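Here the structure comes first, spelled out in structure tokens, and everything after it is commentary.
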Amino acid sequence: MVKRLRSQKFSIQKKLFLFQLALLLLVVVLVGTASVYLIVCHQKIVQQKHLALVSRDIVYHMRSELKSLATELQGIANSRPVQAYAESSRESILQRFMASHQNSFPLISYVDEYGVEEIRILRGKISDDYQSRYSHELIRRAWAVPGKVFIGSVAYSPDLEGPGVEMAIMPLEAHGDRFMGTIFAVIPLDLMADGICHECDENSFYIMIGTQGQMLGTSRIEFLQEHVIASDFKSADNDILKKSMALESGFARADIFGLNSFVFYEPLAELECSLLVGLPYREFMKVPWQLIKTVSLIFMLILVMGSLASYLVSKSITEPIKKLVEAVGLVAQGDFTRKVSIKSHDEIEELAEKFNLMTDDLDAFLRREKRFIEEKAEAATSLLKAKKMEAIGIMAGGVAHDLNNILAGITGYPELLLMKLPPESPLRKPLKSIQESGFRAAAVVADLLTVARGAATVKEPVSLNMIIENYLESAEFQKLYSLYPEVLVHAELEADLWPVKCSRIHIQKVIMNLVGNAVEAIDGSGSVIISTANQPPAADSPGAGRVMLKITDNGPGIAEADLEHIFEPFYSRKVMGRSGTGLGLTIVWNTVKDHAGEVSVESSSQGTIFTITLPKSEEKVVVRRPEMGLADLRGQGTVLVVDDEPQQLEIASQMLERLGYSVAVASSGEEALAYLQNYQVDLLLLDMIMKSGISGRQAYEEIVKLYPGQRAIVVSGFSVSEDVDRVISLGAGGFLRKPFTLQHLGAAVRKELHELRLVS
């Protein structure tokens with residue numbers, strides 16, 4: 001392999017050298033091009049500013065010249081000779097006076113009231129070629145406003161044989177009844193231009209253009225000699241001509257009479273013309289070309305020096321790479337013992353060290369890869385198990401929901417009948433048995449709902465110690481103790497245990513299931529320990545801490561093959577129907593997960609430990625009030641019961657009427673909305689899930705539009721879902737799970753109506 005590499009015509013060294021050379025050449029070209037571009041752009045900006053300054057200086061000079069001439073003409077109009085001529089027609093005095101101003105005004109005349117020249121001075125001499133200027137616009141403007149000098153636009157003057165600027169003024173006051181004449185003068189444009197030629201240097205030039213496109217003047221004699229008519233100039237650069245004729249200003253590159261130039265054009269509105277100041281392109285590029293030559297020489301020197309450096313660098317890089325190539329060939333053959341030694345004091349040396357580390361770590365990497373594959377397979381198994389639990393939960397939840405509606409009648413009707421029967425009635429005992437059977441069935445349904453992780457729970461801050469103590473004093477524990485008297489159950493509870501936010505009923509069911517399993521697992525005498533403890537958060541882990549509950553027994557333990565299945569529904573080693581339903585540990589698992597907790601199990605031949613951790617609550621522990629009697633539950637007000645089950649409507653109506661409330665019923669959300677269009681109620685008893693029509697949530701959303709703040713109690717046999725949360729957020733005040741008793745219903749209704757101050 002090494003020999004074949006050496007026999008190649010284009011080695012890595014050559015490729016690297018050529019690549020660096022090409023890169024250097026590209027950089028030189030790009031930087032050079034950018035430098036040239038920046039130089040030209042900078043020169044363009046400088047020249048643009050220069051041309052703009054020259055143009056504006058010329059315009060300023062011409063405006064100053066016009067102002068000076070206007071002042072001089074106004075002095076002539078208000079002079080004593082003009083007044084004397086107006087009073088006594090002293091013509092000779094005025095002629096000599098006007099001729100004395102021939103340097104400023106080569107053509108000057110005195111115009112009478114008929115617009116005819118009475119006195120005419122042309123280049124200092126009296127002229128009898130009098131002209132009528134009656135229709136002249138400038139004369140009429142002067143007549144309209146006496147005392148003001150009016151300046152006309154630049155126009156061709158036959159008398160002066162060239163373009164000129166006309167001025168006119170009528171004196172302010174007349175003398176006697178004689179008309180005070182108008183002074184009219186024409187100033188050659190050349191006369192004004194002679195004073196501004198010094199503003200343009202030997203390289204630049206200027207052109208004056210009228211609004212009709214005619215060339216009025218220029219600093220270049222050849223322009224006048226070769227292009228004397230407007231049409232010739234129009235063809236030179238039409239765009240610039242249009243902008244100049246429109247009295248706009250700007251900067252552009254154009255071909256002016258065959259001369260490629262940069263031009264700045266500035267309007268002179270007083271004379272209705274524009275001034276173009278230009279610089280030939282060859283003059284513009286003199287400075288950039290000198291800079292470009294200097295920059296090119298520098299870049300050529302950089303290119304030569306860079307080529308030499310590139311060759312040396314490529315050689316220093318490729319020699320160590322050859323050593324690495326040889327070592328890689330050996331590794332490819334399975335030899336991991338070869339070490340590469342390079343002392344180049346750069347990244348190649350570091351690469352050699354990393355290569356040596358790579359060969360050492362290869363076996364470790366393969367072991368980690370194998371372990372990753374095993375963990376991935378384990379994760380897939382866990383995912384399959386979770387999906388299985390979810391499928392079973394969905395099935396259990398659906399069955400539990402339907403059963404709760406059925407059990408409402410089994411528990412509700414006996415309670416209503418018992419309230420009507422006398423104490424000595426022989427029917428009381430069988431009715432109580434029916435009611436107790438319904439409650440036991442409701443407990444099984446509650447377990448199914450827990451399996452479905454959709455149990456309707458109310459969470460409140462409580463102490464786990466209090467729940468444990470209540471369980472140890474309960475009838476369920478006393479019955480368990482009577483069946484297994486040789487097993488000792490005792491509690492080791494932390495004194496200042498943090499509260500947790502949970503459902504008392506469900507957490508007590510968790511404790512009951514775990515303790516019951518632990519006691520039943522012990523054959524003969526033994527012990528079960530219930531312990532609690534606070535778990536502060538780790539230093540590197542955010543959070544408020546957790547509360548730990550641990551159930552420990554010294555039984556024979558759980559077989560390893562069963563450990564991964566113990567939380568699955570209906571997986572049990574007990575005799576079905578005698579000591580369990582197969583749902584106990586599933587209820588434990590789902591309840592803990594619903595409380596954002598964690599559950600783990602450790603088992604050996606020395607016993608089993610179940611550990612549960614729940615988040616610490618920052619709220620204070622809630623102390624429950626004792627249940628109220630029937631008399632305390634009675635109240636007043638109108639309640640609308642909304643449920644699609646006729647049996648549920650009848651039971652809820654009779655219970656509410658028994659408690660003293662007025663009751664209206666609706667079997668659907670649509671029926672409830674129709675009723676509330678005409679009547680108002682104090683409280684809604686609203687079922688969430690109805691088989692047809694709109695749901696309870698949709699109905700309540702429409703109801704609060706009719707009656708904002710309408711109080712309601714949500715009723716459901718399944719879960720506290722998003723719909724329930726939505727209804728509560730809109731104003732509903734409580735949640736009641738089916739099947740409910742008269743005590744539960746009365747307490748919930750009284751709480752809601754008491755907040756409205758409708759119950760005494």
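Identifiers in the structure tokens: chain A, B, ... in order shown; residue index from 1 per chain; ligand index from 1 in order shown.
The residue set within 9 Å of A:Ala672, counting only C-alpha atoms and dropping same-chain residues fewer than 5 places from it, reads Leu640, Val641, Val642, Val665, Ala666, Ser667, Gln677, Ala699 and Ile703 of chain A.
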So that I can see what lies close to stretch 277-287 of chain A, please list as a PyMOL selection string the residues with an atom at most 6 Å from it, counting only C-alpha atoms and leaving out residues fewer than 2 positions away in the same chain.
chain A and resi 55+204-206+260-264+289-290
Pull N, CA, C and O atoms from the residues just selected and write them as a short mmCIF file (atom, residue, chain, number, x, y, z; two decimals), in the first residue's frame.
data_model
loop_
_atom_site.label_atom_id
_atom_site.label_comp_id
_atom_site.auth_asym_id
_atom_site.auth_seq_id
_atom_site.Cartn_x
_atom_site.Cartn_y
_atom_site.Cartn_z
N SER A 55 -19.31 73.13 -9.14
CA SER A 55 -20.59 73.52 -9.72
C SER A 55 -21.32 74.51 -8.83
O SER A 55 -21.83 75.54 -9.30
N SER A 204 -11.01 70.05 -16.04
CA SER A 204 -12.47 70.01 -16.01
C SER A 204 -13.06 71.05 -16.95
O SER A 204 -12.35 71.92 -17.47
N PHE A 205 -14.36 70.97 -17.15
CA PHE A 205 -15.06 71.89 -18.04
C PHE A 205 -16.48 72.11 -17.53
O PHE A 205 -16.95 71.37 -16.67
N TYR A 206 -17.14 73.16 -18.06
CA TYR A 206 -18.54 73.38 -17.70
C TYR A 206 -19.33 73.67 -18.95
O TYR A 206 -18.80 74.14 -19.97
N ASN A 260 -15.78 60.84 -23.00
CA ASN A 260 -16.26 60.05 -21.87
C ASN A 260 -15.90 60.77 -20.58
O ASN A 260 -14.72 60.94 -20.25
N SER A 261 -16.92 61.17 -19.81
CA SER A 261 -16.68 62.06 -18.67
C SER A 261 -17.61 61.70 -17.51
O SER A 261 -18.65 61.07 -17.69
N PHE A 262 -17.19 62.15 -16.33
CA PHE A 262 -18.06 62.17 -15.16
C PHE A 262 -18.62 63.58 -15.04
O PHE A 262 -17.86 64.57 -15.11
N VAL A 263 -19.94 63.71 -14.86
CA VAL A 263 -20.61 65.01 -14.92
C VAL A 263 -21.45 65.21 -13.67
O VAL A 263 -22.15 64.30 -13.22
N PHE A 264 -21.40 66.43 -13.10
CA PHE A 264 -22.31 66.86 -12.04
C PHE A 264 -23.12 68.03 -12.57
O PHE A 264 -22.55 69.00 -13.10
N TRP A 289 -4.99 54.62 -11.38
CA TRP A 289 -4.05 53.74 -12.10
C TRP A 289 -2.70 53.68 -11.40
O TRP A 289 -2.06 52.62 -11.35
N GLN A 290 -2.26 54.77 -10.87
CA GLN A 290 -1.00 54.76 -10.13
C GLN A 290 -1.09 53.86 -8.89
O GLN A 290 -0.19 53.08 -8.59
#
12 Å contact set for A:Leu276, only C-alpha atoms, chain neighbours under 3 positions out, as a VMD selection string:
chain A and resid 51 to 56 58 to 59 200 204 to 210 215 to 219 240 to 241 243 to 245 247 to 254 256 261 to 268 273 279
Please return as JSON, numbers by chain: the residues of stretch 518-753 of chain A that backbone DSSP assigns to strand (DSSP E).
{"A": [526, 527, 528, 529, 530, 531, 532, 533, 534, 535, 546, 547, 548, 549, 550, 551, 552, 553, 598, 599, 600, 601, 602, 603, 604, 607, 608, 609, 610, 611, 612, 613, 614, 615, 638, 639, 640, 641, 642, 662, 663, 664, 665, 666, 683, 684, 685, 686, 687, 712, 713, 714, 715, 716, 734, 735, 736, 737]}
Please return as an NGL selection string: the residues of stretch 499-685 of chain A that backbone DSSP assigns to helix (DSSP H, G or I).
:A and (504-521 or 560-563 or 584-594 or 630-633 or 646-658 or 669-676)
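Picture a line from atom CA of A:Asn534 to atom CA of A:Ser503; it runs 19.3 Å.
Coordinates place atom CA of A:Ser617 at a distance of 17.1 Å from atom CA of A:Ala538.
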Quick one, how far is atom CA of A:Asn678 from atom CA of A:Gly637?
17.0 Å
Non-local contacts of A:Ser104 (10 Å; only C-alpha atoms; under 6 positions in same chain excluded) as number ranges by chain
A: 68-69, 72-73, 123, 185-188, 191-192
I need the chosen residues saved as a short mmCIF file (atom, residue, chain, number, x, y, z; two decimals), in the first residue's frame, with N, CA, C and O atoms.
data_model
loop_
_atom_site.label_atom_id
_atom_site.label_comp_id
_atom_site.auth_asym_id
_atom_site.auth_seq_id
_atom_site.Cartn_x
_atom_site.Cartn_y
_atom_site.Cartn_z
N SER A 68 -25.45 91.64 -8.06
CA SER A 68 -24.69 92.88 -8.19
C SER A 68 -25.20 93.71 -9.38
O SER A 68 -25.38 94.94 -9.28
N LEU A 69 -25.44 93.02 -10.53
CA LEU A 69 -25.95 93.72 -11.71
C LEU A 69 -27.35 94.27 -11.47
O LEU A 69 -27.69 95.37 -11.94
N GLU A 72 -27.00 97.32 -9.47
CA GLU A 72 -26.51 98.42 -10.32
C GLU A 72 -27.62 98.97 -11.20
O GLU A 72 -27.77 100.20 -11.36
N LEU A 73 -28.45 98.09 -11.78
CA LEU A 73 -29.55 98.54 -12.62
C LEU A 73 -30.58 99.31 -11.82
O LEU A 73 -31.17 100.29 -12.31
N ARG A 123 -23.46 98.89 -26.76
CA ARG A 123 -22.00 98.87 -26.59
C ARG A 123 -21.43 100.29 -26.47
O ARG A 123 -20.43 100.67 -27.10
N ALA A 185 -32.32 96.20 -19.93
CA ALA A 185 -30.92 95.93 -20.22
C ALA A 185 -30.72 94.47 -20.55
O ALA A 185 -31.49 93.61 -20.09
N VAL A 186 -29.69 94.18 -21.35
CA VAL A 186 -29.31 92.80 -21.69
C VAL A 186 -27.84 92.63 -21.37
O VAL A 186 -27.01 93.43 -21.83
N ILE A 187 -27.51 91.58 -20.57
CA ILE A 187 -26.12 91.29 -20.19
C ILE A 187 -25.69 90.03 -20.92
O ILE A 187 -26.36 88.98 -20.81
N PRO A 188 -24.60 90.04 -21.69
CA PRO A 188 -24.16 88.83 -22.38
C PRO A 188 -23.78 87.74 -21.37
O PRO A 188 -23.16 88.04 -20.33
N LEU A 191 -20.16 87.57 -20.62
CA LEU A 191 -19.64 88.53 -19.65
C LEU A 191 -19.66 87.95 -18.24
O LEU A 191 -18.74 88.15 -17.45
N MET A 192 -20.73 87.21 -17.92
CA MET A 192 -20.83 86.57 -16.60
C MET A 192 -19.90 85.37 -16.52
O MET A 192 -19.29 85.09 -15.48
#
As an NGL selection string, please: the residues near stretch 527-532 of chain A (cut-off 8 Å, only C-alpha atoms, same-chain neighbours under 4 positions excluded).
:A and (464-465 or 487-494 or 497 or 515 or 518-519 or 547-554)
Could you write those residues out with C-alpha atoms, as a compact mmCIF listing (two decimals), in the first residue's frame?
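Wrote out-v2.txt, looks like this:
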# COMPACT_ATOMS: atom_id res chain seq x y z
CA LEU A 464 -48.44 10.81 54.93
CA ASN A 465 -48.09 10.16 58.68
CA VAL A 487 -47.44 -10.76 61.86
CA LEU A 488 -46.41 -7.56 63.65
CA VAL A 489 -47.06 -4.30 61.78
CA HIS A 490 -45.54 -1.14 63.21
CA ALA A 491 -44.71 2.37 61.94
CA GLU A 492 -41.45 4.33 62.06
CA LEU A 493 -42.57 7.83 61.10
CA GLU A 494 -40.43 10.97 60.83
CA LEU A 497 -42.53 15.05 57.79
CA VAL A 515 -49.31 -3.69 53.67
CA ALA A 518 -46.59 -7.84 52.73
CA VAL A 519 -48.63 -9.47 55.53
CA VAL A 547 -41.12 12.57 50.75
CA MET A 548 -40.34 8.85 51.00
CA LEU A 549 -42.73 6.06 52.03
CA LYS A 550 -41.22 2.60 52.54
CA ILE A 551 -42.97 -0.75 53.21
CA THR A 552 -40.52 -3.45 54.38
CA ASP A 553 -41.30 -7.10 55.17
CA ASN A 554 -39.15 -10.12 56.09
Taking 3 positions as the minimum chain separation for residues in the same chain, which residues sit within 12 Å of A:Asn470 when counting only C-alpha atoms? Answer as a PyMOL selection string.
chain A and resi 463-467+473-478+504-505+507-509+511-512
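With only C-alpha atoms as the atoms that count, the residue of A:Ala142, A:Leu563, A:Ile348, A:Met62 with the shortest distance to A:Lys323 is A:Ile348.
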At a cut-off of 6 Å, using only C-alpha atoms, what residues contact stretch 726-740 of chain A? Leave out same-chain residues fewer than 4 positions from it and give the result as a VMD selection string.
chain A and resid 404 408 697 709 711 to 717
